[in-house]
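*Asks:* Okay, here's the structure, questions in a sec.
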Amino acid sequence: MKKASDIYELQTEKYERFPEQNHCIYRSLYDPEFTHYHKTLRTGMTELVDSGKDGYSRVDLALAAASWTINKHMPYAYEKFPEHSPQDYIPGEVRNRAPENISPEQLSIYVKKAAKFFGASKVGITSLDDNWLYKTKVELYSTSIQEKQELNFPEVSLPNDITHAVVMAIEMEPDGINCAPTFLEFASAGLGYSKMSFTIACMAQFIRNLGYTALPCANDTALSIPLAIDAGLGALGRIGILITKDFGPRIRLCKVLTDMPLEEDEPDIDFINKINDTCTNCQRCADACDFGAISNNDSPTYQPYSKSNNSGTKKWYVDVEKCYDGWVHYSSDCAKCIKACPFSNIPDEITPKAFWKR
Ligand code: SF4
Ligand code: SF4
């Protein structure tokens, strides 16, 4: 079976796993060489609220900030090896039993149903390709400004018996994305993140309750996009993020890594070919970007823009440092490109005022 590393022609002899601390959102917190050192999405928020601009009212921001609540205040969701709690509605003697003899085929059916039950919009399973594990990780449950000396970047290493990733896509609410790049867009993104936290926490507990190890991950631990491609959830487009059949790029990704024996899905080669063809002739995401972050190249390349790109595969690279310009400028994660992509299925334009009336 061809996997993402074959499809996007990974240069295996040169490739080095990506250090998580190279993501712009982390570099802004600790790296004085980064153009937006110590500038975050919070930097211009007060001025935007006071500006009177449509989509930037105090009410809009109240919704956005509230939508992030579960993500920002539920560190348990990311704990990899939590103790059994007497609060759990499963006795320790049941949870600690050896796994029952259930076939990988049946376990995969249970896992996929549970993922949908807990809120995943799409779910797929892949064997874990170690190329996509981060080399090092950021030990930080925060996106507030830190001094460099407070941060550690230890090596990522997983228990040897972790073999599979259950990869889940969460649809982002379309009305908020329709109001990109305002605080209402940020509300849809935040709600997506909070749903990710909820879903990975519940999924990991489900798998642990059956006697297996489960490591819940949002964006941490491993690159979600290639794992999602391997799990059959979609394709990489010019926009630089995963495009799914049902929701286009209007999704968030999360995963649970596990030693549970599961049947893996295959990359959707037909859809990957369709996206390659479409993106070759379509520039809508690039045209929508006010910061020139999305490539107008005729075809994919091996040319990254900065150390914040994971290089080594052939794709349309995004200048993520320019994209971060947009995030700081709009005090949101912008998403004008997601709104513009025809695969996102965003209906006719609505105004932020109309958002509150629907
Ligand atoms: S999120 Fe905004 S700034 Fe970033 S690439 Fe998309 S349109 Fe450009
Ligand atoms: S907007 Fe067009 S070019 Fe950009 S990702 Fe979507 S289909 Fe591809």
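Convention: chains lettered A, B, ... in structure tokens order; per-chain residue numbering from 1; ligands numbered from 1 as shown.
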Could you pull out the residues sitting within 6 Å of ligand 1, using only C-alpha atoms and all ligand atoms, and write them as an mmCIF file with C-alpha atoms, in the first residue's frame?

*Replies:*
```
data_model
loop_
_atom_site.group_PDB
_atom_site.id
_atom_site.type_symbol
_atom_site.label_atom_id
_atom_site.label_comp_id
_atom_site.auth_asym_id
_atom_site.auth_seq_id
_atom_site.Cartn_x
_atom_site.Cartn_y
_atom_site.Cartn_z
ATOM 1 C CA ALA A 288 -7.865 35.123 -0.808
ATOM 2 C CA CYS A 289 -4.737 35.519 1.327
ATOM 3 C CA PHE A 291 -0.371 38.210 3.207
ATOM 4 C CA ALA A 293 1.418 33.166 2.279
ATOM 5 C CA ILE A 294 0.041 30.604 -0.182
ATOM 6 C CA CYS A 323 0.473 33.420 7.592
ATOM 7 C CA GLY A 326 -2.263 37.449 9.337
ATOM 8 C CA ASP A 333 -6.373 32.337 13.002
ATOM 9 C CA CYS A 334 -7.797 34.141 9.948
ATOM 10 C CA ALA A 335 -8.992 31.220 7.752
ATOM 11 C CA LYS A 336 -9.816 33.383 4.736
ATOM 12 C CA CYS A 337 -8.191 30.651 2.649
#
```

*Asks:* List as a Markdown table every residue of chain A that is in contact with ligand 2, defined as an atom at most 6 Å from one of its atoms (using only C-alpha atoms and all ligand atoms), together with the nearest atom pair and the distance in Å rounded to one decimal, sorted by chain and then rising number.

*Replies:*
```
| residue | atom | partner | partner_atom_place_in_ligand_line | distance |
| --- | --- | --- | --- | --- |
| A:Gly237 | CA | ligand 2 | 5 (S) | 4.6 |
| A:Arg238 | CA | ligand 2 | 5 (S) | 4.5 |
| A:Ile239 | CA | ligand 2 | 5 (S) | 4.3 |
| A:Thr278 | CA | ligand 2 | 7 (S) | 5.6 |
| A:Cys279 | CA | ligand 2 | 8 (Fe) | 3.7 |
| A:Cys282 | CA | ligand 2 | 3 (S) | 4.2 |
| A:Gln283 | CA | ligand 2 | 3 (S) | 4.4 |
| A:Arg284 | CA | ligand 2 | 1 (S) | 4.2 |
| A:Cys285 | CA | ligand 2 | 1 (S) | 4.0 |
| A:Ala340 | CA | ligand 2 | 1 (S) | 5.8 |
| A:Cys341 | CA | ligand 2 | 1 (S) | 3.5 |
| A:Pro342 | CA | ligand 2 | 6 (Fe) | 5.8 |
```

*Asks:* For the contact check between segment 162-252 of chain A and segment 12-18 of chain A, emit one row per residue of segment 162-252 of chain A within 12 Å, containing the shortest atom pair and the distance in Å rounded to one decimal, counting only C-alpha atoms, chain then rising number order, as JSON lines.

*Replies:*
```
{"residue": "A:Asp220", "atom": "CA", "partner": "A:Phe18", "partner_atom": "CA", "distance": 11.5}
{"residue": "A:Thr221", "atom": "CA", "partner": "A:Phe18", "partner_atom": "CA", "distance": 10.3}
{"residue": "A:Ala222", "atom": "CA", "partner": "A:Phe18", "partner_atom": "CA", "distance": 8.8}
{"residue": "A:Leu223", "atom": "CA", "partner": "A:Phe18", "partner_atom": "CA", "distance": 8.4}
```

*Asks:* Got time to write the residues from that selection, N, CA and C atoms, as a PDB file, in the first residue's frame?

*Replies:*
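selection-v9.pdb was written with the following content:
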```pdb
ATOM      1  N   ASP A 220      -0.156  17.902  19.152  1.00  0.00           N
ATOM      2  CA  ASP A 220       1.122  17.510  19.757  1.00  0.00           C
ATOM      3  C   ASP A 220       1.554  16.114  19.310  1.00  0.00           C
ATOM      4  N   THR A 221       2.806  15.773  19.620  1.00  0.00           N
ATOM      5  CA  THR A 221       3.393  14.436  19.498  1.00  0.00           C
ATOM      6  C   THR A 221       3.714  14.010  18.069  1.00  0.00           C
ATOM      7  N   ALA A 222       2.817  14.262  17.119  1.00  0.00           N
ATOM      8  CA  ALA A 222       3.061  13.845  15.734  1.00  0.00           C
ATOM      9  C   ALA A 222       2.318  14.783  14.790  1.00  0.00           C
ATOM     10  N   LEU A 223       2.803  14.867  13.559  1.00  0.00           N
ATOM     11  CA  LEU A 223       2.146  15.682  12.531  1.00  0.00           C
ATOM     12  C   LEU A 223       0.833  15.009  12.137  1.00  0.00           C
TER      13      LEU A 223
END
```

*Asks:* To one decimal place in Å, what is the distance between atom CA of Phe343 of chain A and atom CA of Gly176 of chain A?

*Replies:* 16.3 Å

*Asks:* Within 12 Å of Ser308 of chain A, counting only C-alpha atoms, which residues qualify if same-chain residues fewer than 4 places away don't, as a PDB file with N, CA and C atoms, in the first residue's frame?

*Replies:*
```pdb
ATOM      1  N   PHE A  18      10.447  16.620  12.439  1.00  0.00           N
ATOM      2  CA  PHE A  18      10.218  18.046  12.719  1.00  0.00           C
ATOM      3  C   PHE A  18      10.245  18.319  14.228  1.00  0.00           C
ATOM      4  N   PRO A  19      10.996  19.351  14.654  1.00  0.00           N
ATOM      5  CA  PRO A  19      10.943  19.728  16.080  1.00  0.00           C
ATOM      6  C   PRO A  19       9.685  20.569  16.334  1.00  0.00           C
ATOM      7  N   GLU A  20       8.887  20.158  17.276  1.00  0.00           N
ATOM      8  CA  GLU A  20       7.599  20.845  17.506  1.00  0.00           C
ATOM      9  C   GLU A  20       7.800  22.330  17.817  1.00  0.00           C
ATOM     10  N   GLN A  21       8.911  22.670  18.457  1.00  0.00           N
ATOM     11  CA  GLN A  21       9.119  24.074  18.845  1.00  0.00           C
ATOM     12  C   GLN A  21       9.356  24.982  17.650  1.00  0.00           C
ATOM     13  N   ASN A  22       9.489  24.418  16.433  1.00  0.00           N
ATOM     14  CA  ASN A  22       9.662  25.253  15.238  1.00  0.00           C
ATOM     15  C   ASN A  22       8.341  25.794  14.688  1.00  0.00           C
ATOM     16  N   HIS A  23       7.227  25.322  15.197  1.00  0.00           N
ATOM     17  CA  HIS A  23       5.941  25.902  14.781  1.00  0.00           C
ATOM     18  C   HIS A  23       5.926  27.390  15.152  1.00  0.00           C
ATOM     19  N   CYS A  24       5.365  28.225  14.260  1.00  0.00           N
ATOM     20  CA  CYS A  24       5.334  29.672  14.506  1.00  0.00           C
ATOM     21  C   CYS A  24       4.698  30.016  15.846  1.00  0.00           C
ATOM     22  N   ILE A  25       3.639  29.313  16.182  1.00  0.00           N
ATOM     23  CA  ILE A  25       2.909  29.674  17.392  1.00  0.00           C
ATOM     24  C   ILE A  25       3.808  29.530  18.622  1.00  0.00           C
ATOM     25  N   TYR A  26       4.748  28.569  18.581  1.00  0.00           N
ATOM     26  CA  TYR A  26       5.701  28.438  19.694  1.00  0.00           C
ATOM     27  C   TYR A  26       6.864  29.398  19.540  1.00  0.00           C
ATOM     28  N   ARG A  27       7.357  29.575  18.297  1.00  0.00           N
ATOM     29  CA  ARG A  27       8.490  30.493  18.104  1.00  0.00           C
ATOM     30  C   ARG A  27       8.133  31.903  18.579  1.00  0.00           C
ATOM     31  N   SER A  28       6.860  32.280  18.418  1.00  0.00           N
ATOM     32  CA  SER A  28       6.462  33.619  18.868  1.00  0.00           C
ATOM     33  C   SER A  28       6.645  33.761  20.382  1.00  0.00           C
ATOM     34  N   ASP A  31      11.406  32.687  20.637  1.00  0.00           N
ATOM     35  CA  ASP A  31      12.511  32.805  19.684  1.00  0.00           C
ATOM     36  C   ASP A  31      12.727  34.272  19.274  1.00  0.00           C
ATOM     37  N   PHE A  34      12.517  35.313  15.568  1.00  0.00           N
ATOM     38  CA  PHE A  34      11.232  35.255  14.847  1.00  0.00           C
ATOM     39  C   PHE A  34      10.665  36.676  14.727  1.00  0.00           C
ATOM     40  N   PRO A 304      11.077  24.643   0.988  1.00  0.00           N
ATOM     41  CA  PRO A 304      10.404  25.269   2.132  1.00  0.00           C
ATOM     42  C   PRO A 304      10.711  26.761   2.200  1.00  0.00           C
ATOM     43  N   TYR A 317       4.299  24.371  -0.531  1.00  0.00           N
ATOM     44  CA  TYR A 317       4.639  24.895   0.793  1.00  0.00           C
ATOM     45  C   TYR A 317       3.905  26.199   1.024  1.00  0.00           C
ATOM     46  N   VAL A 318       3.538  26.441   2.268  1.00  0.00           N
ATOM     47  CA  VAL A 318       2.927  27.717   2.672  1.00  0.00           C
ATOM     48  C   VAL A 318       3.978  28.504   3.451  1.00  0.00           C
ATOM     49  N   ASP A 319       4.067  29.793   3.196  1.00  0.00           N
ATOM     50  CA  ASP A 319       4.981  30.636   3.969  1.00  0.00           C
ATOM     51  C   ASP A 319       4.304  30.923   5.309  1.00  0.00           C
ATOM     52  N   VAL A 320       4.540  30.028   6.253  1.00  0.00           N
ATOM     53  CA  VAL A 320       3.769  30.085   7.509  1.00  0.00           C
ATOM     54  C   VAL A 320       4.138  31.308   8.350  1.00  0.00           C
ATOM     55  N   GLU A 321       5.317  31.876   8.131  1.00  0.00           N
ATOM     56  CA  GLU A 321       5.653  33.107   8.857  1.00  0.00           C
ATOM     57  C   GLU A 321       4.773  34.258   8.366  1.00  0.00           C
ATOM     58  N   LYS A 322       4.515  34.299   7.042  1.00  0.00           N
ATOM     59  CA  LYS A 322       3.581  35.316   6.517  1.00  0.00           C
ATOM     60  C   LYS A 322       2.161  35.037   7.015  1.00  0.00           C
ATOM     61  N   CYS A 323       1.803  33.778   7.068  1.00  0.00           N
ATOM     62  CA  CYS A 323       0.473  33.420   7.592  1.00  0.00           C
ATOM     63  C   CYS A 323       0.340  33.917   9.032  1.00  0.00           C
ATOM     64  N   TYR A 324       1.410  33.755   9.804  1.00  0.00           N
ATOM     65  CA  TYR A 324       1.347  34.222  11.203  1.00  0.00           C
ATOM     66  C   TYR A 324       1.189  35.743  11.261  1.00  0.00           C
TER      67      TYR A 324
END
```

*Asks:* Skipping near chain neighbours, those fewer than 2 positions away, what residues fall within 9 Å of Gly44 of chain A using only C-alpha atoms, listed as a PyMOL selection string?

*Replies:* chain A and resi 39-42+46-49+328-331

*Asks:* Could you save the residues just selected, with C-alpha atoms, as a short mmCIF file (atom, residue, chain, number, x, y, z; two decimals), in the first residue's frame?

*Replies:*
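Generated file (again_21.cif):
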```
data_model
loop_
_atom_site.label_atom_id
_atom_site.label_comp_id
_atom_site.auth_asym_id
_atom_site.auth_seq_id
_atom_site.Cartn_x
_atom_site.Cartn_y
_atom_site.Cartn_z
CA LYS A 39 3.48 38.85 19.57
CA THR A 40 0.50 36.54 19.84
CA LEU A 41 -3.12 36.55 18.76
CA ARG A 42 -3.85 38.45 21.98
CA THR A 46 -8.14 45.27 22.82
CA GLU A 47 -7.56 47.74 19.96
CA LEU A 48 -9.72 45.60 17.68
CA VAL A 49 -12.55 45.49 20.24
CA VAL A 328 -1.41 38.64 14.64
CA HIS A 329 -3.05 41.27 12.39
CA TYR A 330 -6.55 39.83 12.75
CA SER A 331 -6.20 38.48 16.33
#
```

*Asks:* Can you list, as a PDB file with C-alpha atoms, in the first residue's frame, every protein, DNA or RNA residue that comes within 10 Å of segment 154-157 of chain A when you count only C-alpha atoms, leaving out same-chain residues fewer than 2 positions away?

*Replies:*
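around25.pdb, freshly written:
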```
ATOM      1  CA  PRO A  19      10.943  19.728  16.080  1.00  0.00           C
ATOM      2  CA  GLU A  20       7.599  20.845  17.506  1.00  0.00           C
ATOM      3  CA  LEU A 133       6.487  11.833  15.060  1.00  0.00           C
ATOM      4  CA  TYR A 134       7.958  15.127  16.229  1.00  0.00           C
ATOM      5  CA  LYS A 135      11.671  14.938  16.955  1.00  0.00           C
ATOM      6  CA  THR A 136      11.288  17.061  20.083  1.00  0.00           C
ATOM      7  CA  LYS A 137       8.273  18.411  21.904  1.00  0.00           C
ATOM      8  CA  VAL A 138       7.238  21.592  23.664  1.00  0.00           C
ATOM      9  CA  GLU A 139       6.409  20.912  27.289  1.00  0.00           C
ATOM     10  CA  LEU A 151      10.937  25.966  28.084  1.00  0.00           C
ATOM     11  CA  ASN A 152      12.202  22.434  27.581  1.00  0.00           C
ATOM     12  CA  PRO A 159       6.546   3.086  24.165  1.00  0.00           C
ATOM     13  CA  ASN A 160       7.729   0.498  21.594  1.00  0.00           C
ATOM     14  CA  THR A 221       3.393  14.436  19.498  1.00  0.00           C
ATOM     15  CA  ALA A 222       3.061  13.845  15.734  1.00  0.00           C
TER      16      ALA A 222
END
```

*Asks:* Atom CA of Asp325 of chain A to atom CA of Lys72 of chain A: how many Å, to one decimal?

*Replies:* 22.9 Å

*Asks:* Give the answer as one residue: which of A:Asp230, A:Glu349, A:Glu79, A:Glu9 has the shortest atom-to-atom distance to Pro216 of chain A, using only C-alpha atoms?

*Replies:*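 So, comparing all the options, the nearest one is A:Glu79.
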
*Asks:* Quick one: of A:Arg95, A:Lys53, A:Arg252, A:Lys314, who's nearest to Gln205 of chain A, counting only C-alpha atoms?

*Replies:*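 Counting only C-alpha atoms, the residue closest to Gln205 of chain A is A:Arg95.
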
*Asks:* Extract the full set of helix (DSSP H, G or I) residues from segment 126-304 of chain A according to DSSP on the backbone, and format it as a ChimeraX atom specification.

*Replies:* /A:130-132,148-150,174-178,183-209,224-230,269-281,284-288

*Asks:* Which is closer to Ala165 of chain A than all the others in A:Asp270, A:Asp130, A:Glu100, A:Asp287, using only C-alpha atoms?

*Replies:*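 For Ala165 of chain A, the nearest of the candidates is A:Asp130.
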
*Asks:* Check segment 119-348 of chain A with DSSP on the backbone and list each residue it calls strand (DSSP E or B), as a PyMOL selection string.

*Replies:* chain A and resi 122-127+133+136+155+164-171+214-217+222+235-236+242-244+248+251-258+294+301+315+318

*Asks:* Any chance you can output those residues with N, CA and C atoms as a tab-separated table (two decimals), in the first residue's frame?

*Replies:*
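Output file part27.tsv follows:
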```tsv
chain	number	residue	atom	x	y	z
A	122	LYS	N	-15.16	12.64	11.09
A	122	LYS	CA	-14.58	11.57	10.26
A	122	LYS	C	-13.54	10.85	11.10
A	123	VAL	N	-13.35	9.55	10.83
A	123	VAL	CA	-12.33	8.79	11.57
A	123	VAL	C	-11.71	7.76	10.63
A	124	GLY	N	-10.41	7.56	10.79
A	124	GLY	CA	-9.70	6.53	10.04
A	124	GLY	C	-8.57	5.99	10.90
A	125	ILE	N	-8.03	4.86	10.48
A	125	ILE	CA	-6.98	4.19	11.27
A	125	ILE	C	-5.78	3.96	10.36
A	126	THR	N	-4.59	4.20	10.91
A	126	THR	CA	-3.37	3.89	10.16
A	126	THR	C	-2.34	3.27	11.10
A	127	SER	N	-1.44	2.46	10.53
A	127	SER	CA	-0.27	2.07	11.29
A	127	SER	C	0.60	3.32	11.41
A	133	LEU	N	6.35	11.45	13.65
A	133	LEU	CA	6.49	11.83	15.06
A	133	LEU	C	7.38	13.07	15.14
A	136	THR	N	11.32	16.55	18.71
A	136	THR	CA	11.29	17.06	20.08
A	136	THR	C	9.92	17.68	20.33
A	155	GLU	N	13.21	15.07	23.73
A	155	GLU	CA	12.97	14.16	22.60
A	155	GLU	C	11.59	13.52	22.75
A	164	HIS	N	-0.42	2.04	16.23
A	164	HIS	CA	-1.47	2.59	15.38
A	164	HIS	C	-1.89	3.99	15.82
A	165	ALA	N	-2.45	4.71	14.86
A	165	ALA	CA	-3.07	6.01	15.16
A	165	ALA	C	-4.53	5.95	14.72
A	166	VAL	N	-5.40	6.33	15.63
A	166	VAL	CA	-6.81	6.55	15.28
A	166	VAL	C	-6.92	8.05	15.02
A	167	VAL	N	-7.15	8.42	13.77
A	167	VAL	CA	-7.10	9.84	13.38
A	167	VAL	C	-8.52	10.35	13.17
A	168	MET	N	-8.81	11.50	13.76
A	168	MET	CA	-10.17	12.03	13.71
A	168	MET	C	-10.18	13.45	13.16
A	169	ALA	N	-11.18	13.73	12.33
A	169	ALA	CA	-11.39	15.10	11.84
A	169	ALA	C	-12.65	15.64	12.49
A	170	ILE	N	-12.57	16.90	12.93
A	170	ILE	CA	-13.71	17.58	13.55
A	170	ILE	C	-14.12	18.73	12.64
A	171	GLU	N	-15.36	18.69	12.19
A	171	GLU	CA	-15.83	19.78	11.32
A	171	GLU	C	-15.86	21.10	12.11
A	214	ALA	N	-3.37	4.18	25.47
A	214	ALA	CA	-3.92	5.17	24.53
A	214	ALA	C	-3.31	6.53	24.86
A	215	LEU	N	-2.72	7.16	23.85
A	215	LEU	CA	-2.08	8.46	24.03
A	215	LEU	C	-2.89	9.50	23.26
A	216	PRO	N	-3.68	10.33	23.96
A	216	PRO	CA	-4.50	11.32	23.27
A	216	PRO	C	-3.63	12.49	22.79
A	217	CYS	N	-3.79	12.89	21.54
A	217	CYS	CA	-2.97	13.97	20.97
A	217	CYS	C	-3.86	14.89	20.15
A	222	ALA	N	2.82	14.26	17.12
A	222	ALA	CA	3.06	13.85	15.73
A	222	ALA	C	2.32	14.78	14.79
A	235	ALA	N	-6.60	14.65	1.49
A	235	ALA	CA	-5.44	14.94	0.65
A	235	ALA	C	-4.85	16.29	1.01
A	236	LEU	N	-3.59	16.47	0.69
A	236	LEU	CA	-2.92	17.75	0.92
A	236	LEU	C	-3.12	18.64	-0.31
A	242	LEU	N	-5.00	19.69	5.37
A	242	LEU	CA	-5.76	18.55	4.84
A	242	LEU	C	-7.08	19.01	4.23
A	243	ILE	N	-7.40	18.48	3.06
A	243	ILE	CA	-8.72	18.69	2.45
A	243	ILE	C	-9.46	17.36	2.54
A	244	THR	N	-10.65	17.41	3.12
A	244	THR	CA	-11.48	16.21	3.22
A	244	THR	C	-12.58	16.27	2.16
A	248	GLY	N	-13.97	19.70	3.08
A	248	GLY	CA	-12.78	20.38	2.56
A	248	GLY	C	-11.76	20.59	3.67
A	251	ILE	N	-11.83	21.75	8.78
A	251	ILE	CA	-11.79	20.74	9.85
A	251	ILE	C	-10.58	20.98	10.75
A	252	ARG	N	-10.61	20.38	11.91
A	252	ARG	CA	-9.43	20.27	12.77
A	252	ARG	C	-9.10	18.79	12.86
A	253	LEU	N	-7.84	18.48	13.14
A	253	LEU	CA	-7.41	17.08	13.21
A	253	LEU	C	-6.89	16.75	14.61
A	254	CYS	N	-7.15	15.54	15.05
A	254	CYS	CA	-6.59	15.06	16.31
A	254	CYS	C	-6.44	13.55	16.18
A	255	LYS	N	-5.77	12.94	17.15
A	255	LYS	CA	-5.51	11.50	17.02
A	255	LYS	C	-5.29	10.87	18.39
A	256	VAL	N	-5.49	9.57	18.46
A	256	VAL	CA	-5.11	8.79	19.64
A	256	VAL	C	-4.16	7.70	19.16
A	257	LEU	N	-2.97	7.65	19.75
A	257	LEU	CA	-1.99	6.62	19.41
A	257	LEU	C	-2.16	5.47	20.38
A	258	THR	N	-2.03	4.24	19.87
A	258	THR	CA	-2.39	3.10	20.72
A	258	THR	C	-1.65	1.82	20.33
A	294	ILE	N	0.32	31.85	0.54
A	294	ILE	CA	0.04	30.60	-0.18
A	294	ILE	C	0.66	30.66	-1.57
A	301	THR	N	6.69	21.53	-4.97
A	301	THR	CA	8.16	21.59	-4.98
A	301	THR	C	8.69	20.99	-3.68
A	315	LYS	N	5.41	19.20	-2.16
A	315	LYS	CA	4.06	19.74	-1.91
A	315	LYS	C	4.05	21.23	-2.20
A	318	VAL	N	3.54	26.44	2.27
A	318	VAL	CA	2.93	27.72	2.67
A	318	VAL	C	3.98	28.50	3.45
```

*Asks:* Compare A:Thr35, A:Tyr305, A:Asn297, A:Ile225 by their minimum atom-to-atom distance to Pro267 of chain A, counting only C-alpha atoms, and give me the closest one.

*Replies:*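 Between A:Thr35, A:Tyr305, A:Asn297, A:Ile225, the residue approaching Pro267 of chain A most closely is A:Ile225.
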
*Asks:* With only C-alpha atoms as the atoms that count, which of A:Glu33, A:Asp6, A:Asp268, A:Asp298 lies nearest to Asn281 of chain A?

*Replies:*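 Closest residue, counting only C-alpha atoms: A:Asp298.
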
*Asks:* Using only C-alpha atoms, which residues sit within 10 Å of Asp161 of chain A once same-chain residues fewer than 6 positions away are excluded, as a ChimeraX atom specification?

*Replies:* /A:213,258-260

*Asks:* To one decimal place, how far is atom CA of Ser188 of chain A from atom CA of Asn309 of chain A in Å?

*Replies:*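 Distance between the two atoms: 24.9 Å.
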
*Asks:* For Gly240 of chain A, which of A:Gln303, A:Ser194, A:Ser295, A:Thr199 is the closest residue, counting only C-alpha atoms?

*Replies:*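 Between A:Gln303, A:Ser194, A:Ser295, A:Thr199, the residue approaching Gly240 of chain A most closely is A:Ser295.
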